[in-house]
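Report on one structure; see the data block that follows.
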Amino acid sequence: MYDIAIVGAGVTGAMTARELSQYDLKIALLDKCNDVAMGATKANSGIVHAGFDAAEGSLMAKLNVEGCAMMAETCKKLNVPYKNNGSLVVAFSEEETEHLQKLYDRGVKNGVPDMKILSKEELLAMEPNLNPDACGALYAPTAGIVCPYELTIAATECAVTNGVEFIRNCEVKAVETDDEKITLDTTQGKIEAKYVINAAGVFADDLARMAGDDTIHITARRGEYFLLDKSVGNTVNHTIFQCPSKMGKGILVAQTVDGNLLMGPTAEDIEDKSDVSTSNAGLNNVKKFAAKSVPTINARNAITSFTGLRAHADAHEFIIGVSEKNPRLINAAGIESPGLSSSPAIAKYIDNIVKSLFGDLTVKADYDDTREAPVRFRHMTDEEREELIKKNSAYGRIICRCETITEGEILDAIHAPAGARDVDGVKRRTRAGMGRCQGGFCGSKVVEILARELGCELNDITKFGGNSNILFDRTK
Amino acid sequence: MKKVMNCIACPLGCLITVEYDGSEVLSVTGNTCKRGDAYARTEITNPVRSIHSTVKVNGGEHPVVPCKTSGPIPKGAIFDVMKEINKVTVDAPVSIGQVFIKDVCGTGVDIVATNNDCGK
Amino acid sequence: MLQYDLVVVGGGPAGMAAALKAKECGVSKIVILERAETLGGILEQCIHTGFGLHYFGEELSGPEYAARFIELVKQTDIDVKVNTMVLSVSDDKVVTAVNTADGLLKIQAKAVVLAMGCRERPRGALQIAGTRASGIMTAGTAQKYVNIDGYMPGKKVVILGSGDIGLIMARRMTLEGAEVKVVCELMPFSGGLTRNIVQCLDDFGIPLRLSTTVIETHGKERLEGVTIAQVDDHLQPIPGTEEYIECDTLMLSVGLIPENELTKQAGIGLDRITNGAVVNEMRETDHKGIFACGNVLQVHDLVDYVTLESQIAGEGAARYILGQDSDEKVYINTKPENGVRYIVPQKVNIKSKEDVKLYFRVGAIYKNKKLTVEADGNVISSKKKVKLAPGEMENVVIPADVLASLNENSTITVRVED
């Protein structure tokens with residue numbers, strides 16, 4: 001029996017697993033997919049918000065401001081790239097300019113430091129490519145950018161290194177609770193635990209309902225994005241928001257930590273919680289609204305488009321705590337934006353809940369809250385590269401030419417704790433296939449390496465688990 | 001009768017008009033070379049094609065090695081020939097021109113290797 | 001640091017032909033750097049026939065065509081390093097590369113030939129809406145799976161783009177037992193060779209739908225279908241023409257892009273239309289001693305032309321290395337006009353003592369037109385053409401005596417006219 005089973009290996013589940021892995025507890029981190037970070041975490045803006053958006057006094061506001069303050073240090077420990085680029089909410093009318101003041105005031109109450117309302121001149125000096133019709137902006141220097149799945153992968157690796165067991169392809173079908181334990185009936189068999197942490201993202205209400213808690217309702221809110229080539233990554237220096245509406249923070253334009261340019265998301269509530277398709281209408285909206293902020297932006301530079309789903313709770317508030325209906329269920333639901341920003345603080349918050357449930361917990365002597373930096377050939381000097389290849393010649397074989405990713409890095413991704421099992425998993429861990437040609441050349445090489453390392457046939461390899469196999473039978 | 005066809009003898013793709021009566025070709029026009037004339041005539045009387053595929057190779061650098069018909073085969077025999085190609089397994093090493101199937105399906109044409117495979 | 005007279009980046013048909021020609025011209029130390037396991041480039045997976053008709057006068061498969069050059073390279077003392085990826089080419093011709101055997105390689109070259117080939121346009125650039133299921137791949141990737149790895153990448157196939165690779169793959173998949181449902185082409189004409197439409201589609205009853213594109217993909221894990229729609233004159237989908245087609249695979253053959261990352265990194269000027277380097281008649285870029293040829297310079301439809309072009313680059317590199325090109329040089333521009341999209345070479349030395357061949361493509365299908373070459377208002381040649389198509393590269397010869405009659409302010413133009 002596990003002490004704790006965490007359902008959902010998104011950023012919330014993974015960061016929580018890492019936090020709790022400091023104790024002498026038996027912990028399982030489950031996910032219904034073939035990898036971590038496959039839900040809301042996989043596809044979002046990757047913004048660390050400063051914290052002026054959430055309603056004052058809300059848990060969301062508190063954890064956002066705390067999480068934002070913790071993010072740089074967390075990323076440093078986990079060796080995940082983080083950039084404190086600052087954000088700008090741009091106003092295009094007098095009405096919107098007034099709204100900036102409201103955001104500013106709310107930010108002050110939420111405890112957001114160093115904000116400033118910029119004049120048109122100040123704004124355009126900071127962002128010369130911005131639409132000259134802009135009237136001003138709210139500048140929040142503490143905002144940043146981080147890659148959400150890289151953070152999640154790193155946190156999971158750290159958790160697994162500290163003893164957490166990651167169980168993939170493990171979908172919860174039913175839940176039973178008695179006086180001593182809570183039992184999850186999953187696609188990988190029965191899993192028993194003293195407590196379950198519900199970090200199931202858009203499915204958190206379904207899991208809660210299975211455990212007898214029908215107080216939560218989650219709506220999947222679709223957001224569509226374009227990712228543009230690195231050659232236009234420097235179009236903006238900060239994250240550019242427009243004034244928020246009731247469906248969210250609007251279409252943003254921002255650089256990603258990897259140097260691409262991102263524009264999106266749309267916001268559309270949908271019925272099917274697993275529908276991550278893009279739509280012509282949605283993508284056209286992204287183009288239209290992004291052009292309002294940055295007129296020169298051109299979707300011709302897009303290397304890909306994608307859809308993410310946010311787990312929207314009816315009250316637009318994080319629901320974190322022991323369920324009122326099931327004392328063995330700890331909910332971490334409704335974690336939509338600023339969920340990524342809040343994740344280090346959410347993990348701490350849950351840590352306190354767990355401590356209150358288990359009483360005295362001692363920190364393991366060998367607990368290590370860091371993750372070793374992965375090899376990044378593309379960022380090395382020639383001298384470093386030479387040394388590296390001498391040590392391991394697999395780093396001398398380039399597999400992905402667009403992003404300069406070596407076979408050694410792909411092997412590391414596969415053999416890492418909770419390592420990659422499919423092509424997209426390799427891509428998220430190494431960037432192989434993420435460049436201009438989008439895997440045209442390296443895709444088949446990655447399939448070969450995966451099959452070789454996992455000891456299976458080429459046609460067993462999937463794009464992202466399930467039935468997403470890439471090949472059918474042998475021709476001969 | 002009259003038939004207009006695109007010549008496939010070379011990448012030029014001339015538009016050829018053939019007048020014929022049954023299997024007797026009366027005239028060929030629109031071609032720019034002799035090969036075009038020949039193509040048009042066989043296309044009316046007995047259309048032929050060259051095909052290419054792969055055969056399974058044991059102990060090769062790759063699981064399959066490419067092959068082709070050594071000459072044109074009747075168009076109608078394409079899938080029968082493919083069936084024969086799919087039955088063959090060869091052992092590495094393989095060299096270009098090596099005959100995998102002699103006189104495939106009685107066409108008088110061989111299936112030959114089109115790449116070398118020195119083996120693992 | 002290693003020293004070579006000539007470093008050839010890429011061991012496909014372009015790189016091999018350039019290296020062989022340079023050797024023949026007397027260059028002593030040559031190395032070919034190839035990132036794949038073998039020489040031959042993309043020809044290794046092009047197992048269909050149709051190569052070499054111009055150059056060898058016979059129809060060969062891709063591997064056979066490549067093998068002839070590989071054999072020739074073997075007979076020389078040209079060094080070949082496979083599994084070797086070039087990371088950069090500097091201004092002063094230091095080539096940095098990496099492989100498992102040598103580790104990090106730095107080579108000082110006297111001249112460099114860039115012959116990196118091209119890559120296929122991916123889906124992202126097309127912005128097709130829908131799911132991100134598996135089963136969506138470029139035709140070239142599918143070709144590698146079928147022809148080299150021996151696996152079927154799909155059973156029910158829709159192909160978007162009627163370029164030659166798309167057409168060839170329609171036949172390959174059919175022969176191996178798949179059902180190719182339709183080939184869609186955005187443009188009102190096919191970008192592929194007519195012979196390939198006949199023997200790859202018509203022979204097997206595969207429909208070619210012109211002015212039609214894929215607007216949406218369906219299926220959460222493996223592809224389950226696509227929505228296709230007709231497009232208007234502005235290439236925009238026409239509402240009401242949508243049609244769902246069940247398939248497990250979508251192959252994309254929607255254009256090739258020269259792989260000029262190294263070229264750009266080196267600061268070499270590129271042509272906006274070809275996406276390849278701007279070159280003179282010897283295929284020398286704006287960086288002296290750095291040459292470019294083959295699909296990295298302009299996307300060719302016939303490998304025979306790649307070979308011919310690369311031999312020019314090899315000869316140019318040899319002359320540069322051996323100090324044989326010190327003659328006076330006066331460069332003038334070639335200029336595409338009315339209907340002609342681009343011309344390679346973009347610059348021509350009018351002091352050249354040899355005829356110069358200009359290669360170009362037209363932008364649309366033309367019937368019964370003339371191709372007119374002009375310099376300073378004087379017609380150099382005007383040739384009747386029954387058919388001109390974007391899919392087929394054309395060429396015209398500018399005789400040396402005509403070049404000699406021009407001056408530094410002259411421009412050579414090529415245009416389509418009635």
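Letters for chains follow the order of the structure tokens (A, B, ...), residue numbers begin at 1 for each chain, and ligand numbers begin at 1 in the order shown.
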For chain C, report every residue with an atom at most 6 Å from chain A (counting only C-alpha atoms), formatted as an mmCIF file with N, CA and C atoms, in the first residue's frame.
data_model
loop_
_atom_site.group_PDB
_atom_site.id
_atom_site.type_symbol
_atom_site.label_atom_id
_atom_site.label_comp_id
_atom_site.auth_asym_id
_atom_site.auth_seq_id
_atom_site.Cartn_x
_atom_site.Cartn_y
_atom_site.Cartn_z
ATOM 1 N N VAL C 98 31.240 17.311 -36.788
ATOM 2 C CA VAL C 98 31.283 16.397 -35.649
ATOM 3 C C VAL C 98 30.894 15.007 -36.112
ATOM 4 N N ASN C 99 31.587 14.008 -35.561
ATOM 5 C CA ASN C 99 31.175 12.619 -35.768
ATOM 6 C C ASN C 99 31.645 11.773 -34.601
ATOM 7 N N THR C 100 31.263 10.513 -34.592
ATOM 8 C CA THR C 100 31.567 9.687 -33.427
ATOM 9 C C THR C 100 33.037 9.263 -33.402
ATOM 10 N N GLY C 103 35.289 12.877 -33.256
ATOM 11 C CA GLY C 103 34.833 13.878 -32.303
ATOM 12 C C GLY C 103 34.586 15.177 -33.032
ATOM 13 N N LEU C 104 35.114 16.260 -32.489
ATOM 14 C CA LEU C 104 34.929 17.556 -33.130
ATOM 15 C C LEU C 104 36.058 17.795 -34.133
ATOM 16 N N PRO C 122 7.173 20.994 -43.888
ATOM 17 C CA PRO C 122 6.371 20.203 -42.950
ATOM 18 C C PRO C 122 4.937 20.718 -42.845
ATOM 19 N N GLY C 124 3.373 21.996 -40.235
ATOM 20 C CA GLY C 124 3.202 23.235 -39.474
ATOM 21 C C GLY C 124 3.115 24.444 -40.375
ATOM 22 N N ALA C 125 3.941 24.433 -41.418
ATOM 23 C CA ALA C 125 3.973 25.562 -42.327
ATOM 24 C C ALA C 125 2.659 25.673 -43.105
ATOM 25 N N ALA C 129 -5.830 22.666 -39.873
ATOM 26 C CA ALA C 129 -6.455 22.540 -38.561
ATOM 27 C C ALA C 129 -6.708 21.073 -38.253
ATOM 28 N N GLY C 130 -7.038 20.816 -36.979
ATOM 29 C CA GLY C 130 -7.410 19.456 -36.603
ATOM 30 C C GLY C 130 -6.515 18.869 -35.548
ATOM 31 N N THR C 131 -6.547 17.531 -35.465
ATOM 32 C CA THR C 131 -5.850 16.835 -34.394
ATOM 33 C C THR C 131 -4.387 16.644 -34.739
ATOM 34 N N SER C 134 -1.070 10.520 -35.016
ATOM 35 C CA SER C 134 0.039 9.958 -35.786
ATOM 36 C C SER C 134 -0.499 9.608 -37.168
ATOM 37 N N GLY C 150 11.507 -0.903 -44.583
ATOM 38 C CA GLY C 150 10.639 -2.040 -44.887
ATOM 39 C C GLY C 150 9.376 -2.106 -44.058
ATOM 40 N N TYR C 151 8.830 -0.965 -43.693
ATOM 41 C CA TYR C 151 7.563 -0.929 -42.957
ATOM 42 C C TYR C 151 6.530 -0.119 -43.721
ATOM 43 N N MET C 152 5.273 -0.518 -43.583
ATOM 44 C CA MET C 152 4.177 0.245 -44.168
ATOM 45 C C MET C 152 3.812 1.389 -43.222
ATOM 46 N N PRO C 153 3.895 2.623 -43.686
ATOM 47 C CA PRO C 153 3.503 3.730 -42.817
ATOM 48 C C PRO C 153 2.003 3.997 -42.865
ATOM 49 N N GLU C 221 -5.776 9.561 -31.836
ATOM 50 C CA GLU C 221 -4.495 8.867 -31.683
ATOM 51 C C GLU C 221 -3.885 8.623 -33.057
ATOM 52 N N ARG C 222 -4.450 7.646 -33.822
ATOM 53 C CA ARG C 222 -4.033 7.493 -35.217
ATOM 54 C C ARG C 222 -5.009 8.293 -36.071
#
Contacts between chain B and chain C, please, where a residue of chain C counts if it comes within 8 Å (with only C-alpha atoms); show its shortest atom pair and distance in Å to one decimal, rows by chain and ascending number, as a Markdown table.
| residue | atom | partner | partner_atom | distance |
| --- | --- | --- | --- | --- |
| C:Ile47 | CA | B:Pro66 | CA | 6.2 |
| C:His48 | CA | B:His52 | CA | 5.8 |
| C:Thr49 | CA | B:His52 | CA | 7.4 |
| C:Gly50 | CA | B:Cys10 | CA | 7.9 |
| C:Leu53 | CA | B:Cys10 | CA | 7.5 |
| C:Ser61 | CA | B:Thr114 | CA | 6.7 |
| C:Pro63 | CA | B:Asn115 | CA | 5.5 |
| C:Glu64 | CA | B:Thr114 | CA | 5.7 |
| C:Ala67 | CA | B:Asn115 | CA | 7.5 |
| C:Asn147 | CA | B:Thr54 | CA | 6.7 |
| C:Ile148 | CA | B:Val64 | CA | 6.4 |
| C:Asp149 | CA | B:Pro63 | CA | 6.2 |
| C:Gly150 | CA | B:Val64 | CA | 5.7 |
| C:Arg172 | CA | B:Ser53 | CA | 7.5 |
| C:Leu175 | CA | B:Met82 | CA | 6.9 |
| C:Glu176 | CA | B:Ser53 | CA | 7.8 |
| C:Leu193 | CA | B:Pro11 | CA | 6.3 |
| C:Thr194 | CA | B:Gly13 | CA | 5.3 |
| C:Arg195 | CA | B:Ile8 | CA | 4.3 |
| C:Asn196 | CA | B:Ile8 | CA | 7.5 |
| C:Val198 | CA | B:Asn6 | CA | 7.1 |
| C:Gln199 | CA | B:Ile8 | CA | 7.4 |
Using only C-alpha atoms, which residues sit within 10 Å of A:Phe203 once same-chain residues fewer than 6 positions away are excluded, as a list in words? Gly8, Gly39, Arg209, His217, Ile218, Thr219, Ala220, Lys273, Ser274, Ala311, Ala333 and Gly334 of chain A
Any chance you could export the current selection's all heavy atoms as a short mmCIF file (atom, residue, chain, number, x, y, z; two decimals), in the first residue's frame?
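The result, stored in result27.cif:
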data_model
loop_
_atom_site.label_atom_id
_atom_site.label_comp_id
_atom_site.auth_asym_id
_atom_site.auth_seq_id
_atom_site.Cartn_x
_atom_site.Cartn_y
_atom_site.Cartn_z
N GLY A 8 -2.41 12.04 -11.75
CA GLY A 8 -2.18 13.14 -12.70
C GLY A 8 -0.76 13.65 -12.60
O GLY A 8 -0.35 14.20 -11.58
N GLY A 39 -1.48 16.64 -20.34
CA GLY A 39 -2.78 17.32 -20.36
C GLY A 39 -2.60 18.82 -20.51
O GLY A 39 -1.89 19.28 -21.41
N ARG A 209 -15.72 12.68 -8.34
CA ARG A 209 -17.04 12.05 -8.34
C ARG A 209 -16.91 10.55 -8.05
O ARG A 209 -17.67 9.99 -7.27
CB ARG A 209 -17.73 12.29 -9.68
CG ARG A 209 -19.26 12.25 -9.58
CD ARG A 209 -19.92 12.62 -10.90
NE ARG A 209 -19.49 13.91 -11.41
CZ ARG A 209 -18.81 14.08 -12.55
NH1 ARG A 209 -18.48 13.04 -13.31
NH2 ARG A 209 -18.45 15.28 -12.94
N HIS A 217 -16.91 20.98 -10.45
CA HIS A 217 -17.26 20.90 -11.86
C HIS A 217 -16.18 21.59 -12.69
O HIS A 217 -15.90 22.77 -12.49
CB HIS A 217 -18.63 21.53 -12.14
CG HIS A 217 -19.02 21.43 -13.57
ND1 HIS A 217 -19.11 22.52 -14.38
CD2 HIS A 217 -19.27 20.34 -14.35
CE1 HIS A 217 -19.43 22.12 -15.61
NE2 HIS A 217 -19.53 20.81 -15.62
N ILE A 218 -15.58 20.82 -13.57
CA ILE A 218 -14.49 21.36 -14.39
C ILE A 218 -14.93 21.44 -15.85
O ILE A 218 -15.48 20.47 -16.39
CB ILE A 218 -13.23 20.45 -14.32
CG1 ILE A 218 -12.78 20.22 -12.87
CG2 ILE A 218 -12.09 21.03 -15.17
CD1 ILE A 218 -12.20 21.41 -12.18
N THR A 219 -14.68 22.55 -16.47
CA THR A 219 -14.93 22.71 -17.90
C THR A 219 -13.59 22.75 -18.63
O THR A 219 -12.66 23.41 -18.17
CB THR A 219 -15.67 24.04 -18.18
OG1 THR A 219 -16.79 24.11 -17.31
CG2 THR A 219 -16.12 24.13 -19.62
N ALA A 220 -13.52 22.02 -19.74
CA ALA A 220 -12.31 22.09 -20.55
C ALA A 220 -12.42 23.33 -21.42
O ALA A 220 -13.39 23.49 -22.17
CB ALA A 220 -12.17 20.85 -21.41
N LYS A 273 -13.43 16.53 -23.27
CA LYS A 273 -12.24 16.91 -22.51
C LYS A 273 -10.93 16.36 -23.09
O LYS A 273 -9.87 16.53 -22.50
CB LYS A 273 -12.39 16.42 -21.07
CG LYS A 273 -13.41 17.20 -20.28
CD LYS A 273 -13.51 16.61 -18.90
CE LYS A 273 -14.43 17.42 -18.02
NZ LYS A 273 -14.47 16.86 -16.67
N SER A 274 -11.05 15.62 -24.17
CA SER A 274 -9.80 15.12 -24.76
C SER A 274 -9.61 15.66 -26.17
O SER A 274 -8.77 15.19 -26.92
CB SER A 274 -9.80 13.59 -24.77
OG SER A 274 -10.86 13.12 -25.57
N ALA A 311 -8.15 23.61 -17.29
CA ALA A 311 -9.13 22.98 -16.39
C ALA A 311 -9.83 24.08 -15.61
O ALA A 311 -9.38 24.50 -14.55
CB ALA A 311 -8.41 22.02 -15.45
N ALA A 333 -7.69 20.78 -7.66
CA ALA A 333 -8.49 20.88 -8.88
C ALA A 333 -8.68 22.34 -9.30
O ALA A 333 -8.36 23.26 -8.55
CB ALA A 333 -9.85 20.22 -8.65
N GLY A 334 -9.16 22.48 -10.52
CA GLY A 334 -9.40 23.83 -11.05
C GLY A 334 -8.10 24.59 -11.23
O GLY A 334 -8.05 25.82 -11.18
#
Members of stretch 192-367 of chain A assigned strand (DSSP E or B) by DSSP, as number ranges by chain: A: 192-198, 218-228, 239-242, 245, 248, 252-255, 261-264, 268-270, 278, 302-313, 319-322, 329-333, 363
Neighbours of stretch 235-237 of chain A within 8 Å (only C-alpha atoms; same-chain residues fewer than 2 positions away dropped), as a PyMOL selection string? chain A and resi 85+126-127+129-130+232-233+239-240+253-255+261+297
Would you save the residues of that selection, restricted to N, CA, C and O atoms, as a tab-separated table (two decimals), in the first residue's frame?
chain	number	residue	atom	x	y	z
A	85	ASN	N	11.41	37.78	-17.97
A	85	ASN	CA	11.32	38.77	-19.04
A	85	ASN	C	10.36	39.93	-18.74
A	85	ASN	O	10.37	40.94	-19.42
A	126	MET	N	10.22	50.47	-24.98
A	126	MET	CA	10.54	49.10	-24.53
A	126	MET	C	10.19	48.06	-25.58
A	126	MET	O	10.80	47.00	-25.66
A	127	GLU	N	9.16	48.34	-26.38
A	127	GLU	CA	8.67	47.38	-27.37
A	127	GLU	C	8.43	48.09	-28.70
A	127	GLU	O	7.30	48.42	-29.05
A	129	ASN	N	8.23	47.15	-31.71
A	129	ASN	CA	7.39	46.50	-32.73
A	129	ASN	C	5.90	46.51	-32.39
A	129	ASN	O	5.08	45.96	-33.12
A	130	LEU	N	5.58	47.11	-31.24
A	130	LEU	CA	4.18	47.13	-30.81
A	130	LEU	C	3.34	48.04	-31.70
A	130	LEU	O	3.85	48.99	-32.28
A	232	VAL	N	12.10	34.85	-35.76
A	232	VAL	CA	11.28	36.01	-35.36
A	232	VAL	C	11.06	36.04	-33.84
A	232	VAL	O	10.20	36.76	-33.34
A	233	GLY	N	11.85	35.24	-33.12
A	233	GLY	CA	11.69	35.15	-31.66
A	233	GLY	C	11.88	36.46	-30.94
A	233	GLY	O	11.30	36.71	-29.89
A	239	THR	N	6.45	39.65	-22.35
A	239	THR	CA	5.20	38.99	-22.68
A	239	THR	C	4.15	40.08	-22.87
A	239	THR	O	3.96	40.92	-21.99
A	240	ILE	N	3.49	40.07	-24.03
A	240	ILE	CA	2.53	41.13	-24.35
A	240	ILE	C	1.11	40.60	-24.20
A	240	ILE	O	0.67	39.75	-24.98
A	253	VAL	N	1.34	37.61	-27.00
A	253	VAL	CA	2.49	37.40	-27.88
A	253	VAL	C	3.70	37.37	-26.97
A	253	VAL	O	3.91	38.29	-26.18
A	254	ALA	N	4.47	36.30	-27.04
A	254	ALA	CA	5.63	36.20	-26.15
A	254	ALA	C	6.70	35.34	-26.75
A	254	ALA	O	6.42	34.46	-27.57
A	255	GLN	N	7.92	35.59	-26.31
A	255	GLN	CA	8.99	34.68	-26.67
A	255	GLN	C	8.88	33.47	-25.75
A	255	GLN	O	8.39	33.58	-24.63
A	261	LEU	N	8.70	32.30	-31.03
A	261	LEU	CA	7.68	33.27	-30.70
A	261	LEU	C	6.34	32.53	-30.61
A	261	LEU	O	6.04	31.70	-31.46
A	297	ILE	N	3.52	40.84	-37.06
A	297	ILE	CA	3.60	39.40	-36.83
A	297	ILE	C	2.99	38.66	-38.02
A	297	ILE	O	1.98	39.09	-38.57
Exercise: stretch 29-32 of chain B partners within 9 Å, only C-alpha atoms, chain neighbours under 2 positions left out, as a list in words: Cys7, Cys14, Leu15, Ile16, Thr17, Val18, Glu19, Ser27, Lys34, Arg35, Gly36, Asp37 and Ala40 of chain B
Residues flagged helix (DSSP H, G or I) by DSSP in stretch 182-241 of chain C, as a ChimeraX atom specification: /C:194-204
Using only C-alpha atoms, what table do you get, as CSV, when you list each residue of stretch 83-162 of chain C with an atom no more than 12 Å from stretch 29-42 of chain C, its nearest pair of atoms, and their distance in Å rounded to one decimal, rows by chain then rising number?
residue,atom,partner,partner_atom,distance
C:Asn83,CA,C:Arg35,CA,4.4
C:Thr84,CA,C:Arg35,CA,4.4
C:Met85,CA,C:Arg35,CA,4.8
C:Val86,CA,C:Leu33,CA,7.4
C:Leu87,CA,C:Arg35,CA,10.7
C:Val95,CA,C:Leu33,CA,10.0
C:Thr96,CA,C:Leu33,CA,10.5
C:Ala97,CA,C:Leu33,CA,8.3
C:Val98,CA,C:Arg35,CA,9.2
C:Asn99,CA,C:Arg35,CA,8.5
C:Thr100,CA,C:Arg35,CA,11.2
C:Leu105,CA,C:Leu33,CA,10.7
C:Lys106,CA,C:Leu33,CA,11.9
C:Ile107,CA,C:Val31,CA,9.7
C:Gln108,CA,C:Val31,CA,11.3
C:Ala109,CA,C:Ile30,CA,9.1
C:Lys110,CA,C:Lys29,CA,9.9
C:Ala111,CA,C:Ile30,CA,9.7
C:Val112,CA,C:Ile30,CA,9.8
C:Val113,CA,C:Ile32,CA,9.4
C:Leu114,CA,C:Leu33,CA,10.2
C:Ala115,CA,C:Glu34,CA,9.7
C:Met116,CA,C:Glu34,CA,8.8
C:Gly117,CA,C:Gly41,CA,8.2
C:Cys118,CA,C:Ile42,CA,9.4
C:Arg119,CA,C:Ile42,CA,9.9
C:Glu120,CA,C:Ile42,CA,11.7
C:Gly140,CA,C:Ile42,CA,8.9
C:Thr141,CA,C:Ile42,CA,10.8
C:Gln143,CA,C:Ile42,CA,10.1
C:Lys144,CA,C:Ile42,CA,9.2
C:Asn147,CA,C:Ile42,CA,11.5
C:Ile148,CA,C:Ile42,CA,11.2
Skip C:Asn368 itself and residues of its chain fewer than 4 positions away, then list as a VMD selection string all residues within 7 Å of it, counting only C-alpha atoms. chain C and resid 384 to 387
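Comparing B:Cys118, B:Gln98, B:Ile85, B:Ala77 by their smallest distance to chain A, the closest is B:Ile85 (using only C-alpha atoms).
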What lies within 12 Å of A:Ala315 using only C-alpha atoms, ignoring chain neighbours under 2 positions off, as a PyMOL selection string? chain A and resi 54-55+58-60+215-219+311-313+317-319+333-336
In terms of the shortest atom-to-atom distance over only C-alpha atoms, which of A:Thr161, A:Asn110, A:Thr12, A:Thr296 is closest to A:Pro132?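 Under the stated criterion, the closest residue is A:Thr296.
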Would you mind reading off the distance between atom CA of C:Asp79 and atom CA of C:Gly10, one decimal, in Å? 12.6 Å
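Comparing B:Ser95, B:Thr42, B:Ser23, B:Thr107 by their smallest distance to B:Ser70, the closest is B:Thr107 (using only C-alpha atoms).
Going from atom CA of C:Lys156 to atom CA of C:Phe204 covers 14.5 Å.
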